[in-house]
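Dropping protein34.txt in here (compact mmCIF, C-alpha atoms and all ligand atoms):
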# COMPACT_ATOMS: atom_id res chain seq x y z
CA MET A 1 16.50 21.46 -13.03
CA THR A 2 18.97 22.80 -10.45
CA GLN A 3 18.83 26.04 -12.40
CA ILE A 4 15.05 26.11 -12.19
CA ALA A 5 15.13 25.39 -8.49
CA ARG A 6 17.64 28.19 -7.82
CA GLU A 7 15.62 30.75 -9.70
CA LEU A 8 12.41 29.65 -8.11
CA PRO A 9 10.35 32.71 -7.21
CA GLY A 10 6.76 31.71 -6.47
CA SER A 11 4.39 29.00 -5.39
CA THR A 12 3.20 28.15 -8.93
CA GLU A 13 6.72 27.21 -9.91
CA LEU A 14 7.20 25.33 -6.66
CA HIS A 15 4.10 23.39 -7.43
CA SER A 16 5.27 22.55 -10.92
CA ILE A 17 8.68 21.35 -9.69
CA LEU A 18 7.01 19.27 -7.02
CA GLN A 19 4.93 17.69 -9.76
CA GLN A 20 8.13 16.89 -11.65
CA ILE A 21 9.60 15.28 -8.55
CA GLY A 22 6.45 13.21 -8.33
CA HIS A 23 6.96 12.02 -11.90
CA VAL A 24 10.60 11.11 -11.31
CA GLN A 25 9.47 9.15 -8.24
CA GLN A 26 6.75 7.44 -10.22
CA GLN A 27 9.35 6.08 -12.58
CA ILE A 28 11.08 4.30 -9.74
CA SER A 29 9.94 0.70 -9.81
CA ASP A 30 8.82 -1.34 -6.82
CA GLY A 31 12.10 -3.18 -6.43
CA GLU A 32 14.45 -0.22 -6.19
CA ARG A 33 15.87 0.95 -2.90
CA ALA A 34 14.42 4.01 -1.23
CA GLN A 35 17.88 5.58 -1.19
CA ASP A 36 17.90 5.53 -5.00
CA VAL A 37 14.65 7.47 -5.03
CA ASP A 38 16.19 10.01 -2.72
CA ASN A 39 19.27 10.41 -4.93
CA SER A 40 17.18 10.77 -8.05
CA ILE A 41 15.38 13.79 -6.68
CA SER A 42 18.30 15.41 -4.88
CA VAL A 43 18.82 17.95 -7.66
CA PHE A 44 15.44 19.47 -6.88
CA ASN A 45 16.03 19.64 -3.18
CA ASN A 46 16.58 23.31 -2.60
CA PHE A 47 13.42 23.84 -0.63
CA GLY A 48 11.11 22.22 1.90
CA SER A 49 12.22 19.80 4.57
CA LYS A 50 12.20 16.09 5.20
CA LYS A 51 9.56 15.10 7.72
CA PHE A 52 8.40 11.86 9.24
CA PRO A 53 5.39 10.51 7.38
CA GLN A 54 2.11 11.73 8.81
CA ALA A 55 0.35 8.85 7.05
CA ILE A 56 1.51 5.33 6.17
CA ILE A 57 -0.05 2.64 4.01
CA ILE A 58 0.70 -0.27 6.36
CA GLY A 59 -0.90 -3.10 4.37
CA VAL A 60 -1.88 -5.47 3.15
CA LYS A 61 0.47 -7.23 0.79
CA LYS A 62 -1.31 -7.76 -2.59
CA GLY A 63 -4.25 -5.66 -1.41
CA GLY A 64 -3.74 -2.95 -4.03
CA THR A 65 -1.25 -0.85 -2.07
CA ARG A 66 0.74 0.27 -5.13
CA ALA A 67 -2.40 1.41 -6.91
CA LEU A 68 -3.46 3.41 -3.87
CA LEU A 69 -0.08 5.11 -3.48
CA GLU A 70 0.21 5.94 -7.18
CA PHE A 71 -3.31 7.37 -7.21
CA LEU A 72 -2.58 9.45 -4.11
CA ARG A 73 0.50 10.93 -5.71
CA ILE A 74 -1.67 12.81 -8.17
CA HIS A 75 -2.60 15.03 -5.27
CA PRO A 76 -0.42 18.17 -5.09
CA ASP A 77 -0.45 18.02 -1.29
CA VAL A 78 0.92 14.47 -1.09
CA ARG A 79 4.59 13.55 -1.44
CA ALA A 80 5.59 9.93 -1.07
CA VAL A 81 8.60 7.65 -1.14
CA GLY A 82 8.40 5.52 -4.29
CA ALA A 83 10.03 2.36 -2.94
CA GLU A 84 9.09 0.54 0.24
CA PRO A 85 11.37 1.70 3.09
CA HIS A 86 10.69 -1.36 5.36
CA PHE A 87 11.85 0.70 8.31
CA PHE A 88 9.47 -0.56 11.00
CA ASP A 89 10.07 -4.20 10.12
CA ARG A 90 13.57 -4.71 8.64
CA PHE A 91 15.64 -1.60 9.22
CA TYR A 92 14.46 -0.28 12.57
CA ASP A 93 17.98 -0.49 14.01
CA LYS A 94 19.12 2.15 11.51
CA GLY A 95 17.29 4.71 13.60
CA LEU A 96 14.61 7.33 13.03
CA GLU A 97 16.93 9.87 11.41
CA TRP A 98 17.86 7.34 8.73
CA TYR A 99 14.16 6.88 8.10
CA ARG A 100 13.39 10.58 7.96
CA ASN A 101 16.23 11.07 5.51
CA LEU A 102 14.52 8.69 3.07
CA MET A 103 11.51 10.98 2.88
CA PRO A 104 10.99 13.48 0.07
CA ARG A 105 11.11 17.14 1.00
CA THR A 106 7.75 18.73 1.62
CA LEU A 107 6.42 22.22 2.05
CA ASP A 108 4.14 23.19 4.92
CA GLY A 109 0.69 21.76 4.32
CA GLN A 110 1.92 18.83 2.28
CA ILE A 111 1.62 15.30 3.63
CA THR A 112 4.61 12.94 3.64
CA MET A 113 3.71 9.31 3.00
CA GLU A 114 5.24 5.89 2.50
CA LYS A 115 3.89 2.39 1.98
CA THR A 116 5.29 -0.87 3.32
CA PRO A 117 2.58 -3.57 3.33
CA SER A 118 4.46 -5.92 5.66
CA TYR A 119 4.02 -3.50 8.59
CA PHE A 120 0.44 -4.70 9.07
CA VAL A 121 1.60 -8.21 9.99
CA THR A 122 4.74 -7.22 11.93
CA LYS A 123 4.24 -7.71 15.66
CA GLU A 124 6.59 -4.86 16.68
CA ALA A 125 5.39 -2.35 14.09
CA PRO A 126 2.45 -0.81 16.02
CA ARG A 127 4.65 0.01 19.03
CA ARG A 128 7.38 1.39 16.79
CA VAL A 129 5.09 3.58 14.69
CA PHE A 130 3.45 4.83 17.89
CA GLY A 131 6.94 5.64 19.17
CA MET A 132 7.53 7.85 16.12
CA SER A 133 4.16 9.59 16.47
CA ARG A 134 0.90 8.59 18.07
CA HIS A 135 -0.82 10.85 15.52
CA THR A 136 0.27 8.81 12.50
CA LYS A 137 -2.65 8.02 10.20
CA LEU A 138 -2.71 4.40 9.12
CA ILE A 139 -4.22 3.12 5.89
CA VAL A 140 -4.88 -0.55 5.22
CA VAL A 141 -6.01 -1.77 1.82
CA VAL A 142 -7.83 -5.04 2.40
CA ARG A 143 -8.94 -7.56 -0.20
CA ASP A 144 -10.82 -10.85 -0.01
CA PRO A 145 -8.25 -13.00 1.85
CA VAL A 146 -8.84 -15.92 -0.52
CA THR A 147 -7.97 -13.96 -3.68
CA ARG A 148 -5.25 -12.19 -1.72
CA ALA A 149 -3.68 -15.57 -0.90
CA VAL A 150 -3.85 -16.64 -4.55
CA SER A 151 -2.34 -13.31 -5.61
CA ASP A 152 0.46 -13.75 -3.06
CA TYR A 153 1.10 -17.29 -4.31
CA THR A 154 1.11 -16.06 -7.94
CA GLN A 155 3.78 -13.50 -7.07
CA THR A 156 6.01 -16.14 -5.41
CA LEU A 157 5.42 -18.51 -8.32
CA SER A 158 6.54 -15.85 -10.80
CA LYS A 159 9.90 -15.66 -9.00
CA ASN A 160 10.17 -19.38 -8.39
CA PRO A 161 8.48 -21.44 -11.13
CA GLY A 162 9.37 -24.72 -9.34
CA LEU A 163 7.07 -23.89 -6.42
CA PRO A 164 4.64 -26.67 -5.36
CA THR A 165 0.98 -26.13 -6.30
CA PHE A 166 -1.25 -23.86 -4.21
CA GLN A 167 -3.23 -26.84 -2.93
CA ASN A 168 -0.01 -28.54 -1.85
CA LEU A 169 0.96 -25.55 0.24
CA VAL A 170 -2.39 -24.48 1.65
CA PHE A 171 -3.24 -27.70 3.55
CA LYS A 172 -1.52 -29.04 6.62
CA ASN A 173 -3.39 -32.26 6.09
CA SER A 174 -5.33 -32.32 2.86
CA SER A 175 -7.41 -35.42 3.69
CA ARG A 176 -8.76 -33.66 6.80
CA GLY A 177 -8.86 -30.27 5.06
CA LEU A 178 -6.75 -28.57 7.71
CA ILE A 179 -5.43 -25.20 6.53
CA ASP A 180 -1.77 -24.46 7.14
CA THR A 181 -1.80 -21.16 9.01
CA SER A 182 1.99 -21.12 9.18
CA TRP A 183 2.08 -20.42 5.42
CA SER A 184 2.40 -16.66 5.13
CA ALA A 185 0.01 -16.53 2.15
CA VAL A 186 -2.67 -17.79 4.55
CA ARG A 187 -1.55 -16.03 7.73
CA ILE A 188 -1.54 -12.52 6.26
CA GLY A 189 -5.27 -12.82 5.44
CA ILE A 190 -6.32 -13.32 9.09
CA TYR A 191 -6.89 -9.57 9.27
CA ALA A 192 -8.71 -9.56 12.63
CA LYS A 193 -5.69 -11.05 14.36
CA HIS A 194 -3.24 -8.49 12.99
CA LEU A 195 -5.62 -5.61 13.59
CA GLU A 196 -5.77 -6.51 17.30
CA ASN A 197 -2.08 -5.67 17.59
CA TRP A 198 -2.60 -2.22 16.07
CA LEU A 199 -5.60 -1.46 18.26
CA GLN A 200 -3.45 -1.89 21.33
CA PHE A 201 -1.68 1.31 20.34
CA PHE A 202 -3.97 3.24 18.01
CA PRO A 203 -7.69 4.05 18.25
CA LEU A 204 -9.82 2.78 15.36
CA SER A 205 -10.34 6.40 14.25
CA ARG A 206 -6.63 6.57 13.34
CA LEU A 207 -7.06 3.74 10.82
CA LEU A 208 -8.72 3.75 7.42
CA PHE A 209 -9.68 0.50 5.70
CA VAL A 210 -9.76 0.76 1.95
CA SER A 211 -11.59 -1.92 0.00
CA GLY A 212 -9.19 -3.44 -2.50
CA GLU A 213 -12.19 -4.56 -4.56
CA ARG A 214 -13.72 -1.07 -4.71
CA LEU A 215 -10.35 0.43 -5.52
CA VAL A 216 -10.71 -1.50 -8.80
CA THR A 217 -14.45 -1.03 -9.46
CA ASP A 218 -14.76 2.56 -8.17
CA PRO A 219 -11.30 4.10 -7.73
CA ALA A 220 -12.62 7.67 -7.51
CA GLY A 221 -15.13 6.76 -4.79
CA GLU A 222 -12.49 5.02 -2.71
CA MET A 223 -10.02 7.86 -3.27
CA GLY A 224 -12.67 10.27 -2.00
CA ARG A 225 -12.73 8.43 1.33
CA VAL A 226 -8.93 8.41 1.48
CA GLN A 227 -8.65 12.14 0.81
CA ASP A 228 -11.26 12.88 3.48
CA PHE A 229 -9.41 10.72 5.99
CA LEU A 230 -6.15 12.54 5.24
CA GLY A 231 -7.84 15.93 5.54
CA LEU A 232 -7.08 16.70 1.90
CA LYS A 233 -9.19 18.61 -0.58
CA ARG A 234 -10.95 16.18 -2.93
CA VAL A 235 -8.69 16.78 -5.91
CA ILE A 236 -8.55 13.19 -7.18
CA THR A 237 -11.88 12.45 -8.83
CA ASP A 238 -13.33 10.26 -11.56
CA LYS A 239 -11.89 12.58 -14.19
CA HIS A 240 -8.46 11.11 -13.38
CA PHE A 241 -9.36 7.49 -14.19
CA TYR A 242 -10.39 5.37 -17.12
CA PHE A 243 -10.90 1.63 -17.29
CA ASN A 244 -8.30 0.01 -19.51
CA GLN A 245 -10.00 -2.99 -21.13
CA THR A 246 -6.73 -4.66 -22.10
CA LYS A 247 -5.30 -4.47 -18.60
CA GLY A 248 -8.65 -5.10 -16.95
CA PHE A 249 -7.96 -2.41 -14.37
CA PRO A 250 -8.42 1.31 -13.92
CA CYS A 251 -5.49 3.40 -15.13
CA LEU A 252 -4.62 7.06 -14.80
CA LYS A 253 -5.54 9.40 -17.62
CA LYS A 254 -2.54 11.41 -18.74
CA PRO A 255 -0.90 12.40 -15.44
CA GLU A 256 0.20 16.06 -15.43
CA GLY A 257 3.45 16.56 -17.29
CA SER A 258 3.11 13.27 -19.14
CA SER A 259 1.89 12.73 -22.67
CA ARG A 260 0.44 9.24 -22.16
CA PRO A 261 -2.05 7.56 -19.85
CA ARG A 262 -0.48 5.38 -17.22
CA CYS A 263 -1.35 1.89 -15.99
CA LEU A 264 0.54 0.06 -13.24
CA GLY A 265 3.31 -2.33 -14.34
CA LYS A 266 2.99 -5.94 -15.46
CA SER A 267 3.43 -7.32 -11.93
CA LYS A 268 0.18 -5.59 -10.88
CA GLY A 269 -2.93 -7.26 -12.18
CA ARG A 270 -1.35 -10.58 -13.14
CA PRO A 271 -3.47 -13.53 -14.27
CA HIS A 272 -3.81 -16.10 -11.48
CA PRO A 273 -3.29 -19.85 -12.03
CA HIS A 274 -6.36 -22.08 -11.89
CA ILE A 275 -6.99 -23.46 -8.39
CA PRO A 276 -9.63 -26.21 -7.91
CA ALA A 277 -12.95 -24.78 -6.70
CA GLU A 278 -13.12 -27.12 -3.67
CA VAL A 279 -9.75 -25.86 -2.45
CA LEU A 280 -10.90 -22.26 -2.66
CA LEU A 281 -14.19 -23.15 -0.92
CA ARG A 282 -12.33 -24.80 1.92
CA LEU A 283 -10.14 -21.73 2.31
CA ARG A 284 -13.23 -19.50 2.21
CA ASP A 285 -14.76 -21.54 5.05
CA PHE A 286 -11.57 -21.15 7.01
CA TYR A 287 -11.56 -17.35 6.70
CA ARG A 288 -15.31 -16.80 7.31
CA PRO A 289 -15.19 -16.41 11.13
CA PHE A 290 -12.09 -14.21 10.94
CA ASN A 291 -13.75 -12.04 8.28
CA LEU A 292 -16.86 -11.62 10.42
CA LYS A 293 -14.72 -10.64 13.38
CA PHE A 294 -12.89 -8.15 11.16
CA TYR A 295 -16.22 -6.63 9.98
CA GLN A 296 -17.26 -6.24 13.63
CA MET A 297 -13.97 -4.67 14.65
CA THR A 298 -13.94 -2.16 11.78
CA GLY A 299 -17.69 -1.57 11.55
CA GLN A 300 -17.43 -2.26 7.80
CA ASP A 301 -18.79 -5.18 5.80
CA PHE A 302 -16.42 -5.92 2.94
CA GLY A 303 -18.77 -8.51 1.40
CA TRP A 304 -16.28 -11.32 1.03
CA ASP A 305 -18.63 -14.14 2.02
P1 LIG B 401 -3.02 -9.16 -8.79
O1 LIG B 401 -1.75 -8.92 -9.53
O2 LIG B 401 -3.05 -10.44 -8.07
O3 LIG B 401 -4.25 -8.94 -9.63
P2 LIG B 401 -0.09 -4.64 -4.24
O4 LIG B 401 0.21 -3.38 -4.99
O5 LIG B 401 -0.51 -4.37 -2.82
O6 LIG B 401 0.99 -5.66 -4.40
O7 LIG B 401 -1.39 -5.28 -4.88
C1 LIG B 401 -1.39 -5.82 -6.17
C2 LIG B 401 -2.82 -5.95 -6.59
O8 LIG B 401 -3.38 -4.66 -6.81
C3 LIG B 401 -3.03 -6.66 -7.91
O9 LIG B 401 -3.11 -8.04 -7.63
C4 LIG B 401 -4.34 -6.07 -8.43
O10 LIG B 401 -5.43 -6.95 -8.31
C5 LIG B 401 -4.58 -4.88 -7.51
N1 LIG B 401 -4.93 -3.62 -8.17
C6 LIG B 401 -5.82 -2.73 -7.69
N2 LIG B 401 -5.94 -1.70 -8.51
C7 LIG B 401 -5.12 -1.92 -9.55
C8 LIG B 401 -4.83 -1.19 -10.74
N3 LIG B 401 -5.42 -0.03 -10.99
N4 LIG B 401 -3.93 -1.72 -11.61
C9 LIG B 401 -3.36 -2.91 -11.35
N5 LIG B 401 -3.58 -3.64 -10.23
C10 LIG B 401 -4.46 -3.16 -9.34
How would this structure read if it were set down as structure tokens?
Amino acid sequence: MTQIARELPGSTELHSILQQIGHVQQQISDGERAQDVDNSISVFNNFGSKKFPQAIIIGVKKGGTRALLEFLRIHPDVRAVGAEPHFFDRFYDKGLEWYRNLMPRTLDGQITMEKTPSYFVTKEAPRRVFGMSRHTKLIVVVRDPVTRAVSDYTQTLSKNPGLPTFQNLVFKNSSRGLIDTSWSAVRIGIYAKHLENWLQFFPLSRLLFVSGERLVTDPAGEMGRVQDFLGLKRVITDKHFYFNQTKGFPCLKKPEGSSRPRCLGKSKGRPHPHIPAEVLLRLRDFYRPFNLKFYQMTGQDFGWD
């Protein structure tokens, strides 16, 4: 590959090598460190430059953020870090140059992106992102907070099988039906509250809210909105997707340079444990006013009620 990069004469070849970088990055799993991604592509790095991301997927955890990023990477004008850098929440003291160095190289006209879903609920993140650039475009994938909470719980349960039941964790006082808002699986879903923090620094026009539900039922339609928001040509269309019956989710038809179609990994689209209907109803009642506030703030009705 170094050989190819050195002999690189024209933009077609550049494009093809950038595609290959994309595929190497796609192979990097969720859990790996961003630095590993950077090392894995260093052999291709004879061109372009590392820039701060012009767009960030800031949330929400379990909203469908991995699906969105992987779909976006089909676009030739998008380059993204595979792993979650967690700069604006965990590693801010490492400094902006450390962060920039994690980014893939891009050519003029290409957009640098990253996704770290915990930014949306991090109090300091809006100020910090604004400090990097007030022009940063922010994408939030939102999903019904009730199913999001169950999805979040399912993820924790998969790492810790001894975890108490959902209903044990969700109530502060189960006889009075009080919801425990200190449990992060609940707190993250109060979208209106977190959005307020972002709106103190960014105008609403700088944010795009992607429906996690529609990303599953109509990925091409939702990707159309995302490409428009990013000022990209609509390259990602319904011809890129098919619905995989076994997985129960949309998957990518053979991505360029690959011989097989590609679905997200096993940790995405996991079966959820059964939770008693009355528990879910109580949680739905809890979220209703926050959801309505969120619809008002965004001017979008996500249809969760
Ligand atoms: P579940 O595993 O609970 O179903 P994130 O990437 O932000 O962690 O979100 C994970 C969620 O993305 C999954 O939650 C799943 O519902 C959703 N998702 C959306 N599109 C998907 C796709 N094409 N393949 C797999 N999961 C997808």
query: Interatomic distance between CA of Thr122 in chain A and atom C7 of ligand LIG 401 (chain B)?
result: 24.2 Å
field: Neighbour list for Thr181 in chain A as a count of residues only, cut-off 10 Å, all atoms listed in the file, skip fewer than 3 positions in-chain
entry: 12
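If you look at atom C4 of ligand LIG 401 (chain B) and CA of His274 in chain A, they are 16.5 Å away from each other.
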- request: Would you list the residues that come within 6 Å of ligand LIG 401 (chain B)? Count only C-alpha atoms and all ligand atoms and give the answer as an MDAnalysis selection string.
  value: chainID A and resid 61:67 151 215:216 249:251 264 267:270
Grab the residues selected above and save them as a short mmCIF file (atom, residue, chain, number, x, y, z; two decimals), keeping the file's coordinate frame with C-alpha atoms.
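Just written: part.cif:
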data_model
loop_
_atom_site.label_atom_id
_atom_site.label_comp_id
_atom_site.auth_asym_id
_atom_site.auth_seq_id
_atom_site.Cartn_x
_atom_site.Cartn_y
_atom_site.Cartn_z
CA LYS A 61 0.47 -7.23 0.79
CA LYS A 62 -1.31 -7.76 -2.59
CA GLY A 63 -4.25 -5.66 -1.41
CA GLY A 64 -3.74 -2.95 -4.03
CA THR A 65 -1.25 -0.85 -2.07
CA ARG A 66 0.74 0.27 -5.13
CA ALA A 67 -2.40 1.41 -6.91
CA SER A 151 -2.34 -13.31 -5.61
CA LEU A 215 -10.35 0.43 -5.52
CA VAL A 216 -10.71 -1.50 -8.80
CA PHE A 249 -7.96 -2.41 -14.37
CA PRO A 250 -8.42 1.31 -13.92
CA CYS A 251 -5.49 3.40 -15.13
CA LEU A 264 0.54 0.06 -13.24
CA SER A 267 3.43 -7.32 -11.93
CA LYS A 268 0.18 -5.59 -10.88
CA GLY A 269 -2.93 -7.26 -12.18
CA ARG A 270 -1.35 -10.58 -13.14
#
task: Mind listing whatever residues come within 12 Å of the point (9.5, 1.2, 20.0)? Use all atoms listed in the file, file coordinates, and give them as number ranges by chain.
output: A: 87-89, 92-93, 95-96, 123-134, 201
query: At most 9 Å from (-1.6, -2.1, 6.8), file frame, all atoms listed in the file: which residues, as a list in words?
result: Ile56, Ile57, Ile58, Gly59, Val60, Lys61, Thr65, Lys115, Thr116, Pro117, Ser118, Tyr119, Phe120, Val121, Leu138, Ile139, Val140, Val141, Val142, Leu195, Leu207 and Phe209 of chain A
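For the residues A:Trp183, A:Phe52, A:Tyr191, A:Phe243, ranking by smallest atom-to-atom distance to Arg79 in chain A using only C-alpha atoms places A:Phe52 first.
Between CA of Pro53 in chain A and CA of Arg225 in chain A the interatomic distance comes to 19.2 Å.
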query: Near Thr237 in chain A, within 10 Å and counting all atoms listed in the file, which residues show up once chain neighbours fewer than 2 positions away are dropped, as a ChimeraX atom specification?
result: /A:219-224,234-235,239-241
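If all atoms listed in the file are the atoms counted, then among A:Pro271, A:His135, A:Lys233, A:Ile111 the closest residue to Phe202 in chain A is A:His135.
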- request: Within 7 Å of Ser49 in chain A, counting only C-alpha atoms, which residues show up once you throw out same-chain ones fewer than 4 positions away? Write them as a ChimeraX atom specification, please.
  value: /A:105-107
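Shortest separation to Thr165 in chain A among A:Ile275, A:Leu280, A:Ala192, A:Val146 occurs at residue A:Ile275, atoms counted being all atoms listed in the file.
Considering only C-alpha atoms, the residue among A:Lys50, A:Arg143, A:Arg73, A:Arg288 positioned nearest to Arg214 in chain A is A:Arg143.
Each of A:Gly177, A:Gly265, A:Pro104, A:Gly248 was checked against Ala80 in chain A using only C-alpha atoms; the smallest atom-to-atom distance is that of A:Pro104.
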statement: From the list A:Lys254, A:Lys266, A:Lys193, A:Arg206, the nearest residue to Leu292 in chain A using only C-alpha atoms is A:Lys193
